[in-house]
>>> print(open('upload_39.txt').read())   # compact mmCIF, C-alpha atoms and all ligand atoms
# COMPACT_ATOMS: atom_id res chain seq x y z
CA MET A 29 0.00 0.00 0.00
CA CYS A 30 1.28 3.40 -0.75
CA ARG A 31 0.28 7.02 -0.38
CA HIS A 32 -0.26 9.34 -3.32
CA LEU A 33 -1.08 12.98 -4.03
CA GLY A 34 -2.35 14.90 -7.05
CA TRP A 35 -2.52 18.61 -7.80
CA LEU A 36 -4.40 20.59 -10.45
CA GLY A 37 -4.42 24.38 -10.31
CA ASP A 38 -2.05 27.34 -10.47
CA PRO A 39 1.66 26.58 -10.65
CA VAL A 40 3.06 25.39 -7.30
CA SER A 41 6.38 23.77 -6.45
CA VAL A 42 6.56 20.04 -5.86
CA ALA A 43 8.31 20.87 -2.57
CA ALA A 44 5.24 22.81 -1.42
CA LEU A 45 3.09 19.73 -2.14
CA MET A 46 5.35 16.88 -1.02
CA LEU A 47 7.96 18.14 1.44
CA ASP A 48 6.74 21.25 3.25
CA PRO A 49 3.32 20.27 4.69
CA PRO A 50 3.43 18.97 8.28
CA SER A 51 2.01 15.60 7.19
CA GLY A 52 2.99 15.64 3.51
CA LEU A 53 4.32 12.70 1.52
CA LEU A 54 7.76 13.11 3.10
CA VAL A 55 6.31 12.54 6.59
CA GLN A 56 3.87 9.93 5.23
CA SER A 57 6.89 7.97 4.00
CA TYR A 58 7.76 7.14 7.64
CA ALA A 59 4.65 8.12 9.65
CA PRO A 60 1.42 7.90 7.65
CA ARG A 61 -1.66 8.71 9.72
CA ARG A 62 -4.43 6.85 7.91
CA GLN A 63 -2.68 3.93 6.27
CA LYS A 64 -4.49 0.63 6.81
CA HIS A 65 -1.92 -1.68 5.22
CA GLY A 66 1.82 -1.37 5.92
CA LEU A 67 3.55 0.76 8.55
CA MET A 68 5.68 3.00 6.36
CA ASN A 69 6.40 3.79 2.72
CA ALA A 70 10.14 3.26 2.40
CA ASP A 71 10.32 1.21 -0.82
CA GLY A 72 10.64 4.11 -3.23
CA TRP A 73 8.94 7.27 -4.34
CA GLY A 74 8.17 9.18 -7.48
CA VAL A 75 6.86 12.47 -8.79
CA GLY A 76 5.58 13.38 -12.23
CA PHE A 77 4.56 16.82 -13.49
CA TYR A 78 4.01 18.91 -16.59
CA ALA A 79 6.12 22.05 -17.06
CA ASP A 80 4.65 25.25 -18.53
CA THR A 81 8.07 25.96 -20.04
CA ASP A 82 8.05 22.67 -21.94
CA GLU A 83 8.43 23.44 -25.64
CA ALA A 84 7.67 19.81 -26.41
CA GLY A 85 4.05 20.34 -25.25
CA VAL A 86 2.27 18.09 -22.79
CA VAL A 87 5.07 15.80 -21.69
CA PRO A 88 5.16 14.25 -18.22
CA ARG A 89 8.52 14.79 -16.54
CA ARG A 90 9.30 12.15 -13.93
CA TRP A 91 11.74 11.56 -11.07
CA ARG A 92 11.48 8.10 -9.47
CA SER A 93 13.56 6.14 -7.01
CA ALA A 94 13.65 2.79 -5.21
CA ALA A 95 15.02 4.39 -2.02
CA PRO A 96 13.10 6.12 0.80
CA LEU A 97 12.11 9.72 0.08
CA TRP A 98 13.67 10.92 3.33
CA GLY A 99 17.07 9.57 2.27
CA ASP A 100 17.33 11.40 -1.06
CA VAL A 101 20.31 13.75 -0.92
CA SER A 102 19.32 15.91 -3.92
CA PHE A 103 15.54 16.10 -4.26
CA ALA A 104 14.95 18.59 -1.40
CA SER A 105 17.30 21.12 -3.02
CA VAL A 106 15.71 20.88 -6.50
CA ALA A 107 12.03 20.38 -5.58
CA PRO A 108 11.39 24.07 -4.67
CA VAL A 109 12.11 25.14 -8.27
CA LEU A 110 10.10 22.36 -9.96
CA ARG A 111 6.81 24.19 -10.49
CA SER A 112 3.73 22.82 -12.18
CA ARG A 113 -0.03 23.17 -12.62
CA CYS A 114 -0.45 19.39 -12.53
CA VAL A 115 1.43 16.92 -10.33
CA VAL A 116 1.15 13.23 -9.38
CA ALA A 117 3.43 12.05 -6.55
CA ALA A 118 3.66 8.86 -4.49
CA VAL A 119 5.62 7.07 -1.79
CA ARG A 120 5.67 3.27 -1.97
CA SER A 121 5.30 0.36 0.40
CA ALA A 122 5.97 -2.68 -1.78
CA SER A 123 3.59 -5.60 -1.40
CA ALA A 124 5.08 -9.00 -0.52
CA GLY A 125 6.97 -10.53 -3.43
CA MET A 126 6.97 -7.38 -5.58
CA PRO A 127 10.26 -6.03 -6.96
CA ILE A 128 11.80 -2.94 -5.37
CA GLU A 129 13.19 -0.90 -8.25
CA ALA A 130 12.68 2.64 -9.52
CA SER A 131 10.56 1.45 -12.44
CA ALA A 132 8.11 -0.16 -9.98
CA SER A 133 7.51 3.22 -8.28
CA ALA A 134 4.59 5.37 -9.37
CA PRO A 135 3.82 7.45 -11.30
CA PHE A 136 3.69 5.24 -14.38
CA THR A 137 3.14 6.81 -17.79
CA ASP A 138 1.94 5.99 -21.27
CA GLY A 139 3.38 9.12 -22.82
CA ALA A 140 0.67 11.59 -21.81
CA TRP A 141 -0.90 10.34 -18.59
CA LEU A 142 0.67 9.85 -15.19
CA LEU A 143 -0.81 7.17 -12.94
CA SER A 144 -0.38 5.93 -9.37
CA HIS A 145 -1.99 2.98 -7.58
CA ASN A 146 -2.62 2.59 -3.82
CA GLY A 147 -3.44 -0.99 -3.13
CA LEU A 148 -2.99 -4.60 -4.09
CA VAL A 149 -4.30 -6.77 -6.89
CA ASP A 150 -3.65 -10.42 -7.74
CA THR A 151 -1.40 -10.24 -10.81
CA ALA A 152 -2.97 -13.50 -12.05
CA VAL A 153 -6.17 -11.63 -12.94
CA LEU A 154 -4.29 -8.99 -14.98
CA PRO A 155 -3.49 -9.67 -18.64
CA PRO A 156 0.26 -9.87 -19.37
CA ALA A 157 1.41 -6.50 -20.71
CA ARG A 158 4.67 -6.38 -22.62
CA HIS A 159 4.82 -2.61 -22.21
CA ALA A 160 4.38 -2.60 -18.40
CA GLU A 161 7.20 -0.66 -16.75
CA SER A 162 7.82 -3.34 -14.10
CA THR A 163 6.40 -6.66 -12.94
CA ASN A 164 4.68 -5.38 -9.79
CA ASP A 165 0.90 -5.40 -9.64
CA SER A 166 0.68 -1.60 -9.85
CA ALA A 167 2.72 -1.42 -13.09
CA LEU A 168 0.63 -4.20 -14.68
CA LEU A 169 -2.60 -2.52 -13.59
CA ALA A 170 -1.37 0.81 -14.98
CA ALA A 171 -0.64 -0.86 -18.34
CA LEU A 172 -4.17 -2.33 -18.40
CA ILE A 173 -5.76 1.05 -17.56
CA PHE A 174 -3.70 2.78 -20.27
CA ASP A 175 -4.74 0.10 -22.79
CA ARG A 176 -8.45 0.54 -22.01
CA GLY A 177 -8.17 4.33 -21.94
CA LEU A 178 -8.69 6.68 -19.02
CA ASP A 179 -12.27 7.43 -20.06
CA ALA A 180 -13.00 3.81 -19.12
CA LEU A 181 -11.21 4.03 -15.74
CA GLY A 182 -14.32 3.34 -13.65
CA ALA A 183 -15.36 0.39 -15.81
CA THR A 184 -11.83 -1.06 -15.78
CA ILE A 185 -11.63 -0.85 -11.97
CA ALA A 186 -15.05 -2.51 -11.56
CA ALA A 187 -14.01 -5.29 -13.97
CA VAL A 188 -10.72 -5.96 -12.14
CA ALA A 189 -12.60 -5.99 -8.82
CA ALA A 190 -15.03 -8.56 -10.24
CA ASP A 191 -12.06 -10.86 -11.04
CA ASP A 192 -10.30 -10.22 -7.70
CA PRO A 193 -12.83 -9.44 -4.95
CA ASN A 194 -10.01 -8.77 -2.46
CA ALA A 195 -8.35 -6.14 -4.66
CA ARG A 196 -7.77 -2.61 -3.36
CA LEU A 197 -7.81 -0.26 -6.31
CA ASN A 198 -7.28 3.39 -5.45
CA ILE A 199 -6.00 5.05 -8.63
CA LEU A 200 -4.78 8.60 -9.19
CA ALA A 201 -4.12 9.81 -12.74
CA ALA A 202 -3.50 13.11 -14.54
CA ASN A 203 -2.80 14.41 -18.03
CA GLY A 204 -1.83 18.02 -17.40
CA SER A 205 -5.36 19.43 -17.45
CA ARG A 206 -7.41 16.75 -15.70
CA LEU A 207 -7.12 14.75 -12.48
CA LEU A 208 -8.90 11.41 -12.13
CA ALA A 209 -9.09 9.18 -9.08
CA THR A 210 -10.88 6.12 -7.80
CA THR A 211 -11.58 4.93 -4.28
CA TRP A 212 -11.83 1.15 -3.97
CA GLY A 213 -10.73 -0.15 -0.58
CA ASP A 214 -8.53 2.68 0.68
CA THR A 215 -8.75 6.28 1.84
CA LEU A 216 -8.76 9.43 -0.33
CA SER A 217 -9.25 13.05 0.69
CA LEU A 218 -9.99 16.19 -1.32
CA LEU A 219 -8.93 19.76 -0.53
CA ARG A 220 -10.31 22.70 -2.51
CA ARG A 221 -7.85 25.58 -2.19
CA PRO A 222 -8.30 29.03 -3.72
CA ASP A 223 -5.48 28.19 -6.18
CA GLY A 224 -6.36 24.58 -7.03
CA VAL A 225 -7.51 21.13 -5.99
CA VAL A 226 -5.55 18.48 -4.05
CA LEU A 227 -6.43 14.78 -3.99
CA ALA A 228 -4.42 12.80 -1.44
CA SER A 229 -4.52 9.39 0.21
CA GLU A 230 -4.55 11.28 3.47
CA PRO A 231 -4.67 14.99 4.43
CA TYR A 232 -1.24 16.65 4.48
CA ASP A 233 -2.30 18.96 7.33
CA ASP A 234 -5.16 19.52 9.78
CA ASP A 235 -7.11 22.02 7.66
CA PRO A 236 -10.81 21.33 8.43
CA ALA A 237 -11.59 21.89 4.73
CA TRP A 238 -10.33 18.40 3.79
CA GLN A 239 -13.23 16.20 2.65
CA GLU A 240 -13.15 12.41 2.68
CA ILE A 241 -14.17 10.77 -0.60
CA PRO A 242 -16.51 7.81 0.02
CA ASP A 243 -15.37 4.33 -1.04
CA ARG A 244 -16.10 3.05 -4.56
CA HIS A 245 -16.26 6.42 -6.27
CA LEU A 246 -14.71 8.05 -9.32
CA VAL A 247 -13.42 11.60 -8.90
CA ASP A 248 -12.95 13.77 -12.00
CA VAL A 249 -11.35 17.22 -11.66
CA VAL A 250 -11.21 19.70 -14.54
CA ASP A 251 -10.30 23.33 -13.83
CA MET A 252 -11.71 23.81 -10.31
CA HIS A 253 -14.72 21.61 -11.02
CA VAL A 254 -14.99 18.29 -9.14
CA THR A 255 -17.40 15.52 -10.22
CA LEU A 256 -18.03 12.49 -7.99
CA THR A 257 -19.62 9.35 -9.48
CA PRO A 258 -20.41 6.12 -7.60
CA LEU A 259 -18.74 3.00 -9.05
CA LYS A 260 -20.82 -0.14 -9.40
CA GLY A 261 -19.48 -3.18 -7.58
CA PRO A 262 -19.19 -6.62 -9.17
N1 LIG B 301 0.99 -3.44 -4.59
C1 LIG B 301 1.84 -2.29 -4.64
C2 LIG B 301 3.22 -2.65 -5.08
O1 LIG B 301 3.87 -3.44 -4.46
C3 LIG B 301 1.91 -1.71 -3.26
C4 LIG B 301 2.28 -0.29 -3.29
C5 LIG B 301 1.07 0.48 -3.64
O2 LIG B 301 0.10 0.59 -2.87
N2 LIG B 301 1.07 0.96 -4.86
O3 LIG B 301 3.69 -2.14 -6.06
>>> encode(input="upload_39.txt", output="C-alpha cells")
Amino acid sequence: MCRHLGWLGDPVSVAALMLDPPSGLLVQSYAPRRQKHGLMNADGWGVGFYADTDEAGVVPRRWRSAAPLWGDVSFASVAPVLRSRCVVAAVRSASAGMPIEASASAPFTDGAWLLSHNGLVDTAVLPPARHAESTNDSALLAALIFDRGLDALGATIAAVAADDPNARLNILAANGSRLLATTWGDTLSLLRRPDGVVLASEPYDDDPAWQEIPDRHLVDVVDMHVTLTPLKGP
C-alpha cells in the first residue's frame, strides 16, 4: 500500500506539495496517519509533473527512485524550483513478493498520462502487458488502464474488482489538465484551495476543509470543477 497525491491548479512547487506540509508525503513515508496496510512507505517514491516551459508540449517529466524519500540527498534542493499546474506524486510500500526498483515506483506513464496505484491486486487476474514498466501489480494494472483508456477508468476498476474481490484499487491519474481518481478499498481526501484542488490518500495537514471521498467512487477534476460518481461493484 502506498500514499499518493495529485494537484491541479495554479503553478506550485513540488516541494510545497510533497515536502513542506506537516504531514505531507515526506512525513507519510515514515509516519502515515491513515494507512491501513503497511507501517511505512520506504520502498521508493516518485513524482511526475508537466512544465509550462516545456516546448515539447504536454510531456510528463518524472523523477522516481527505489530508495526512501527521506534519504534522497538531492531532491529537497531541487524540488522548490520544480513548479507545475499538474502533479502526481507517491511514496511506496511494496507488497510481498513485488520487486523494489525505480521502475516499480509510481507514477507510471503511457506518454501523456501519469498514474499511481494505492493498493494490491492479484497479478494473475491482470493480462500480461509487454509494455508494463515493471512486474509489480501496480505497473501491470497501470498498463491495463492505459490500454483501455482513461475514459474507461471506472469500468476497468469494476471489472478488475469482479475478477479479484479482495483487490484494493485506489487510482490517481493526470494528463496536465485533468485529475482522475478512484476509491476502492482505501482512503482518499480532497482539498479545494483558492489556487487549485488536491487529492491525497490522506490529508497533508489539519485544515478542516479536507473532505473524505466515500469508497467506490470516481473523482474527475477539470479546472476547479470536481465531479463524484459512484462506481458499481461486481
Ligand atoms: N501493490 C503495490 C506494489 O507493491 C503496493 C504499493 C502500492 O500501494 N502501490 O507495487
>>> residues_near_ligand(input="upload_39.txt", ligand="ligand LIG 301 (chain B)", cutoff="10 Å", atoms="all atoms listed in the file", output="tab-separated table (two decimals) with C-alpha atoms, keeping the file's coordinate frame")
chain	number	residue	atom	x	y	z
A	29	MET	CA	0.00	0.00	0.00
A	30	CYS	CA	1.28	3.40	-0.75
A	31	ARG	CA	0.28	7.02	-0.38
A	32	HIS	CA	-0.26	9.34	-3.32
A	65	HIS	CA	-1.92	-1.68	5.22
A	66	GLY	CA	1.82	-1.37	5.92
A	69	ASN	CA	6.40	3.79	2.72
A	71	ASP	CA	10.32	1.21	-0.82
A	72	GLY	CA	10.64	4.11	-3.23
A	118	ALA	CA	3.66	8.86	-4.49
A	119	VAL	CA	5.62	7.07	-1.79
A	120	ARG	CA	5.67	3.27	-1.97
A	121	SER	CA	5.30	0.36	0.40
A	122	ALA	CA	5.97	-2.68	-1.78
A	123	SER	CA	3.59	-5.60	-1.40
A	124	ALA	CA	5.08	-9.00	-0.52
A	125	GLY	CA	6.97	-10.53	-3.43
A	126	MET	CA	6.97	-7.38	-5.58
A	127	PRO	CA	10.26	-6.03	-6.96
A	128	ILE	CA	11.80	-2.94	-5.37
A	129	GLU	CA	13.19	-0.90	-8.25
A	132	ALA	CA	8.11	-0.16	-9.98
A	133	SER	CA	7.51	3.22	-8.28
A	134	ALA	CA	4.59	5.37	-9.37
A	135	PRO	CA	3.82	7.45	-11.30
A	144	SER	CA	-0.38	5.93	-9.37
A	145	HIS	CA	-1.99	2.98	-7.58
A	146	ASN	CA	-2.62	2.59	-3.82
A	147	GLY	CA	-3.44	-0.99	-3.13
A	148	LEU	CA	-2.99	-4.60	-4.09
A	149	VAL	CA	-4.30	-6.77	-6.89
A	150	ASP	CA	-3.65	-10.42	-7.74
A	151	THR	CA	-1.40	-10.24	-10.81
A	162	SER	CA	7.82	-3.34	-14.10
A	163	THR	CA	6.40	-6.66	-12.94
A	164	ASN	CA	4.68	-5.38	-9.79
A	165	ASP	CA	0.90	-5.40	-9.64
A	166	SER	CA	0.68	-1.60	-9.85
A	167	ALA	CA	2.72	-1.42	-13.09
A	168	LEU	CA	0.63	-4.20	-14.68
A	169	LEU	CA	-2.60	-2.52	-13.59
A	195	ALA	CA	-8.35	-6.14	-4.66
A	196	ARG	CA	-7.77	-2.61	-3.36
A	197	LEU	CA	-7.81	-0.26	-6.31
A	198	ASN	CA	-7.28	3.39	-5.45
A	199	ILE	CA	-6.00	5.05	-8.63
A	214	ASP	CA	-8.53	2.68	0.68
>>> atom_distance(input="upload_39.txt", atom1="atom CA of A:Trp91", atom2="atom CA of A:Leu142")
11.9 Å
>>> atom_distance(input="upload_39.txt", atom1="atom CA of A:Trp238", atom2="atom CA of A:Pro39")
20.5 Å
>>> atom_distance(input="upload_39.txt", atom1="atom CA of A:Phe77", atom2="atom CA of A:Cys114")
5.7 Å
>>> residues_around(input="upload_39.txt", residues="A:Leu178", least_positions_apart="6", cutoff="10 Å", atoms="all atoms listed in the file", output="PyMOL selection string")
chain A and resi 141+143+184+201-203+208
>>> closest_residue(input="upload_39.txt", among="A:Lys260, A:Leu33, A:Trp98, A:Ala70", to="A:Ala189", atoms="all atoms listed in the file")
A:Lys260
>>> closest_residue(input="upload_39.txt", among="A:Val87, A:Leu259, A:Phe136, A:Thr211", to="A:Ala180", atoms="all atoms listed in the file")
A:Leu259
>>> residues_around(input="upload_39.txt", residues="A:Ser112", least_positions_apart="2", cutoff="10 Å", atoms="only C-alpha atoms", output="number ranges by chain")
A: 35-42, 76-81, 109-110, 114-115, 204
>>> write_last_selection(input="upload_39.txt", atoms="C-alpha atoms", output="PDB file, in the frame of the given file")
ATOM      1  CA  TRP A  35      -2.520  18.610  -7.800  1.00  0.00           C
ATOM      2  CA  LEU A  36      -4.400  20.590 -10.450  1.00  0.00           C
ATOM      3  CA  GLY A  37      -4.420  24.380 -10.310  1.00  0.00           C
ATOM      4  CA  ASP A  38      -2.050  27.340 -10.470  1.00  0.00           C
ATOM      5  CA  PRO A  39       1.660  26.580 -10.650  1.00  0.00           C
ATOM      6  CA  VAL A  40       3.060  25.390  -7.300  1.00  0.00           C
ATOM      7  CA  SER A  41       6.380  23.770  -6.450  1.00  0.00           C
ATOM      8  CA  VAL A  42       6.560  20.040  -5.860  1.00  0.00           C
ATOM      9  CA  GLY A  76       5.580  13.380 -12.230  1.00  0.00           C
ATOM     10  CA  PHE A  77       4.560  16.820 -13.490  1.00  0.00           C
ATOM     11  CA  TYR A  78       4.010  18.910 -16.590  1.00  0.00           C
ATOM     12  CA  ALA A  79       6.120  22.050 -17.060  1.00  0.00           C
ATOM     13  CA  ASP A  80       4.650  25.250 -18.530  1.00  0.00           C
ATOM     14  CA  THR A  81       8.070  25.960 -20.040  1.00  0.00           C
ATOM     15  CA  VAL A 109      12.110  25.140  -8.270  1.00  0.00           C
ATOM     16  CA  LEU A 110      10.100  22.360  -9.960  1.00  0.00           C
ATOM     17  CA  CYS A 114      -0.450  19.390 -12.530  1.00  0.00           C
ATOM     18  CA  VAL A 115       1.430  16.920 -10.330  1.00  0.00           C
ATOM     19  CA  GLY A 204      -1.830  18.020 -17.400  1.00  0.00           C
TER      20      GLY A 204
END
>>> closest_residue(input="upload_39.txt", among="A:Leu154, A:Arg113, A:Val226, A:Leu246", to="A:Asp179", atoms="all atoms listed in the file")
A:Leu246
>>> axis_aligned_box(input="upload_39.txt", around="stretch 37-55 of chain A", padding_each_side="8 Å", output="AutoDock Vina command-line options")
--center_x 1.9 --center_y 19.9 --center_z -1.2 --size_x 28.7 --size_y 30.8 --size_z 34.9
>>> residues_around(input="upload_39.txt", residues="A:Asp48", least_positions_apart="4", cutoff="12 Å", atoms="all atoms listed in the file", output="JSON, numbers by chain")
{"A": [40, 41, 42, 43, 44, 52, 53, 54, 55, 56, 104, 107, 108, 232, 233]}
>>> write_last_selection(input="upload_39.txt", atoms="C-alpha atoms", output="short mmCIF file (atom, residue, chain, number, x, y, z; two decimals), in the frame of the given file")
data_model
loop_
_atom_site.label_atom_id
_atom_site.label_comp_id
_atom_site.auth_asym_id
_atom_site.auth_seq_id
_atom_site.Cartn_x
_atom_site.Cartn_y
_atom_site.Cartn_z
CA VAL A 40 3.06 25.39 -7.30
CA SER A 41 6.38 23.77 -6.45
CA VAL A 42 6.56 20.04 -5.86
CA ALA A 43 8.31 20.87 -2.57
CA ALA A 44 5.24 22.81 -1.42
CA GLY A 52 2.99 15.64 3.51
CA LEU A 53 4.32 12.70 1.52
CA LEU A 54 7.76 13.11 3.10
CA VAL A 55 6.31 12.54 6.59
CA GLN A 56 3.87 9.93 5.23
CA ALA A 104 14.95 18.59 -1.40
CA ALA A 107 12.03 20.38 -5.58
CA PRO A 108 11.39 24.07 -4.67
CA TYR A 232 -1.24 16.65 4.48
CA ASP A 233 -2.30 18.96 7.33
#
>>> closest_residue(input="upload_39.txt", among="A:Leu256, A:Gly182, A:Asp251, A:Gly139", to="A:Leu218", atoms="all atoms listed in the file")
A:Leu256
>>> closest_residue(input="upload_39.txt", among="A:Val101, A:Leu47, A:Gly74, A:Arg61", to="A:Thr137", atoms="all atoms listed in the file")
A:Gly74
>>> closest_residue(input="upload_39.txt", among="A:Val153, A:Ala59, A:Asp243, A:Thr255", to="A:Asp192", atoms="all atoms listed in the file")
A:Val153
>>> decode(input="upload_39.txt", residues="stretch 148-171 of chain A", atoms="C-alpha atoms", output="PDB file, in the first residue's frame")
ATOM      1  CA  LEU A 148      -2.994  -4.599  -4.086  1.00  0.00           C
ATOM      2  CA  VAL A 149      -4.302  -6.771  -6.889  1.00  0.00           C
ATOM      3  CA  ASP A 150      -3.654 -10.417  -7.737  1.00  0.00           C
ATOM      4  CA  THR A 151      -1.400 -10.243 -10.810  1.00  0.00           C
ATOM      5  CA  ALA A 152      -2.970 -13.500 -12.047  1.00  0.00           C
ATOM      6  CA  VAL A 153      -6.172 -11.630 -12.945  1.00  0.00           C
ATOM      7  CA  LEU A 154      -4.288  -8.992 -14.981  1.00  0.00           C
ATOM      8  CA  PRO A 155      -3.490  -9.669 -18.638  1.00  0.00           C
ATOM      9  CA  PRO A 156       0.256  -9.869 -19.371  1.00  0.00           C
ATOM     10  CA  ALA A 157       1.410  -6.498 -20.715  1.00  0.00           C
ATOM     11  CA  ARG A 158       4.669  -6.376 -22.625  1.00  0.00           C
ATOM     12  CA  HIS A 159       4.822  -2.607 -22.207  1.00  0.00           C
ATOM     13  CA  ALA A 160       4.383  -2.599 -18.401  1.00  0.00           C
ATOM     14  CA  GLU A 161       7.196  -0.656 -16.753  1.00  0.00           C
ATOM     15  CA  SER A 162       7.824  -3.336 -14.097  1.00  0.00           C
ATOM     16  CA  THR A 163       6.405  -6.662 -12.943  1.00  0.00           C
ATOM     17  CA  ASN A 164       4.684  -5.380  -9.793  1.00  0.00           C
ATOM     18  CA  ASP A 165       0.902  -5.396  -9.642  1.00  0.00           C
ATOM     19  CA  SER A 166       0.675  -1.602  -9.848  1.00  0.00           C
ATOM     20  CA  ALA A 167       2.718  -1.422 -13.087  1.00  0.00           C
ATOM     21  CA  LEU A 168       0.632  -4.199 -14.679  1.00  0.00           C
ATOM     22  CA  LEU A 169      -2.596  -2.519 -13.587  1.00  0.00           C
ATOM     23  CA  ALA A 170      -1.365   0.813 -14.977  1.00  0.00           C
ATOM     24  CA  ALA A 171      -0.643  -0.862 -18.344  1.00  0.00           C
TER      25      ALA A 171
END
